[in-house]
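Working notes, structure below.
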Amino acid sequence: MNAVEQIKYDLALANRMMANEGVLDTFGHISARHPERPDRYFLSRSRAPELIEPADLVEYDLDSVAVGGSTLPPYSERVIHGEIYRARPDVMAVCHHHAAAFMPLVITGTDYVPVVHLGSVGGFKPPFWDQRAEFGETNYLVVKPEEGRALARALGDHMMVLMYRHGVTAVGVNLSDLAFRCVYSCRNAEYQVQAAASGKIDPLSKGDIDFGSRIGGTTTGHTRAWEHWTVRLQRGNWLPPRA
């Protein structure tokens with residue numbers, strides 16, 4: 001496969017993978033920047049993530065307008081992706097999710113706190129964004145360009161932003177980095193909430209987080225995790241078809 005075919009297959013795989021691992025629900029979505037056109041990205045048509053295949057992927061410009069005038073029904077929140085790619089040239093993949101593990105945090109405004117070493121992928125005190133505070137009463141769908149830009153500003157140079165009463169948006173330098181961050185930040189959020197209910201938390205320090213957040217990308221961690229999650233799909237016969 002050429003670079004475009006490969007990123008489209010990997011993006012379809014990532015959608016199915018993160019649905020299988022409990023990150024994506026019915027309404028979550030993942031995108032990847034075009035490997036040859038940094039001013040464009042790929043995002044699926046509006047479809048359940050477990051079913052996404054390369055043929056479902058639509059190419060968008062950074063205004064989140066379909067290139068070539070695709071007639072496939074789009075995700076309404078695609079501006080999240082376009083505006084983050086516009087603001088962050090280092091970002092190559094974006095995930096917006098509503099994982100159950102994070103809901104207690106975004107409902108109560110509780111900081112994400114790494115409590116185990118793999119939880120360091122979420123970073124130190126990732127910021128919150130409150131759509132209602134900035135734009136008034138809302139249905140919490142991020143559909144206007146100005147809303148996408150506000151979310152991108154809140155993200156800043158972090159790799160994850162928590163969205164009050166809504167969910168989480170995370171970014172990565174590639175799809176395996178993004179998957180690793182999303183899966184293990186969800187695991188950590190689950191452990192954090194359970195630990196807080198059991199007693200006093202002894203969290204990672206900022207230095208611990210700085211060291212730990214580099215492990216996956218500087219060792220075989222990302223590759224090993226990607227292989228593990230791919231095999232779990234394969235066992236259920238849920239790998240996406242090749243284009």
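Numbering starts fresh at 1 for the residues of each chain in the structure tokens, the chains themselves are lettered A, B, ... in the order given, and ligands are numbered from 1 as they appear.
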Neighbour list for Asp177 (chain A) as number ranges by chain, cut-off 9 Å, only C-alpha atoms, skip fewer than 3 positions in-chain: A: 93, 171-174, 180-182, 216-217, 222
Those same residues - C-alpha atoms - I'd like them written as a compact mmCIF listing (two decimals), in the first residue's frame.
```
# COMPACT_ATOMS: atom_id res chain seq x y z
CA ALA A 93 -4.05 12.20 14.87
CA VAL A 171 -4.08 14.12 20.22
CA GLY A 172 -1.04 12.15 19.10
CA VAL A 173 2.04 12.40 16.93
CA ASN A 174 0.75 9.33 15.07
CA PHE A 180 -1.75 4.35 23.51
CA ARG A 181 -2.64 7.69 25.11
CA CYS A 182 -6.39 7.16 24.88
CA GLY A 216 5.87 4.24 25.04
CA GLY A 217 7.29 6.24 22.15
CA HIS A 222 3.48 1.58 21.21
```
Test item, strand (DSSP E or B) assignment across region 97-242 of chain A, answer as a list of chain:residue names: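 Selecting the strand (DSSP E or B) positions of region 97-242 of chain A gives A:His97, A:Phe128, A:Trp129, A:Met160, A:Val161, A:Leu162, A:Met163, A:Gly167, A:Val168, A:Thr169, A:Ala170, A:Val171, A:Gly172.
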May I have the selected residues written with C-alpha atoms, as a CSV table (one decimal), in the first residue's frame?
```csv
chain,number,residue,atom,x,y,z
A,97,HIS,CA,-14.4,10.3,23.0
A,128,PHE,CA,-10.6,21.7,31.1
A,129,TRP,CA,-12.8,23.4,28.5
A,160,MET,CA,-5.4,16.0,26.1
A,161,VAL,CA,-8.3,18.4,27.1
A,162,LEU,CA,-11.2,17.5,29.3
A,163,MET,CA,-14.6,18.9,28.3
A,167,GLY,CA,-16.0,14.0,27.2
A,168,VAL,CA,-12.3,14.2,26.2
A,169,THR,CA,-10.3,15.2,23.1
A,170,ALA,CA,-6.8,13.7,22.8
A,171,VAL,CA,-4.1,14.1,20.2
A,172,GLY,CA,-1.0,12.1,19.1
```
Taking only residues of region 122-190 of chain A that have an atom at most 6 Å from an atom of region 73-84 of chain A, what is each one's shortest atom pair and its distance in Å to one decimal, using only C-alpha atoms, in chain and number order, as CSV?
```
residue,atom,partner,partner_atom,distance
A:Val142,CA,A:Glu77,CA,5.2
A:Val143,CA,A:Glu77,CA,4.9
A:Pro145,CA,A:Val79,CA,5.8
A:Gly148,CA,A:Ile80,CA,4.8
A:Arg149,CA,A:Glu83,CA,5.5
A:Ala152,CA,A:Ile84,CA,5.1
```
All alpha helix (DSSP H) residues (DSSP, backbone) inside region 16-228 of chain A, as a ChimeraX atom specification: /A:16-20,79-87,103-108,131-135,145-155,175-198,206-212,215-218,221-228
Nearest to Val113 (chain A), chosen from A:Val193, A:Leu239, A:Ala32, A:Met17, with only C-alpha atoms counted in the distances: A:Val193
Nearest to Ile30 (chain A), chosen from A:Arg47, A:His96, A:Ala225, A:His117, with only C-alpha atoms counted in the distances: A:His96
Contact residues around region 195-204 of chain A with only C-alpha atoms at 9 Å, ignoring same-chain residues under 6 positions, as a PyMOL selection string: chain A and resi 113-117+119-120
Gly28 (chain A) environment, 9 Å, only C-alpha atoms, sequence neighbours closer than 4 positions dropped, as a ChimeraX atom specification: /A:15,19,23-24,48-49,95-99
Just the selected residues (N, CA and C atoms), exported as a CSV table (one decimal), in the first residue's frame, please.
```csv
chain,number,residue,atom,x,y,z
A,15,ASN,N,-10.1,3.0,14.7
A,15,ASN,CA,-11.5,3.2,15.2
A,15,ASN,C,-12.1,1.9,15.8
A,19,ALA,N,-12.8,1.3,19.9
A,19,ALA,CA,-14.1,0.9,20.3
A,19,ALA,C,-14.1,-0.4,21.1
A,23,VAL,N,-12.8,2.8,24.6
A,23,VAL,CA,-12.6,4.3,24.5
A,23,VAL,C,-13.7,4.9,23.7
A,24,LEU,N,-14.0,4.4,22.6
A,24,LEU,CA,-15.0,5.0,21.7
A,24,LEU,C,-16.4,4.4,22.0
A,48,ALA,N,-20.9,4.0,13.1
A,48,ALA,CA,-20.4,3.4,14.3
A,48,ALA,C,-19.0,3.0,14.2
A,49,PRO,N,-18.1,3.3,15.1
A,49,PRO,CA,-16.7,3.1,14.9
A,49,PRO,C,-16.3,1.6,14.7
A,95,CYS,N,-8.5,12.2,18.6
A,95,CYS,CA,-9.6,11.4,19.0
A,95,CYS,C,-10.5,12.2,19.9
A,96,HIS,N,-11.8,12.2,19.6
A,96,HIS,CA,-12.8,12.8,20.5
A,96,HIS,C,-13.6,11.6,21.1
A,97,HIS,N,-13.7,11.5,22.4
A,97,HIS,CA,-14.4,10.3,23.0
A,97,HIS,C,-15.2,10.7,24.2
A,98,HIS,N,-16.1,9.8,24.6
A,98,HIS,CA,-16.9,10.0,25.8
A,98,HIS,C,-16.8,8.7,26.7
A,99,ALA,N,-15.5,8.3,26.9
A,99,ALA,CA,-15.3,7.0,27.6
A,99,ALA,C,-15.9,7.1,29.0
```
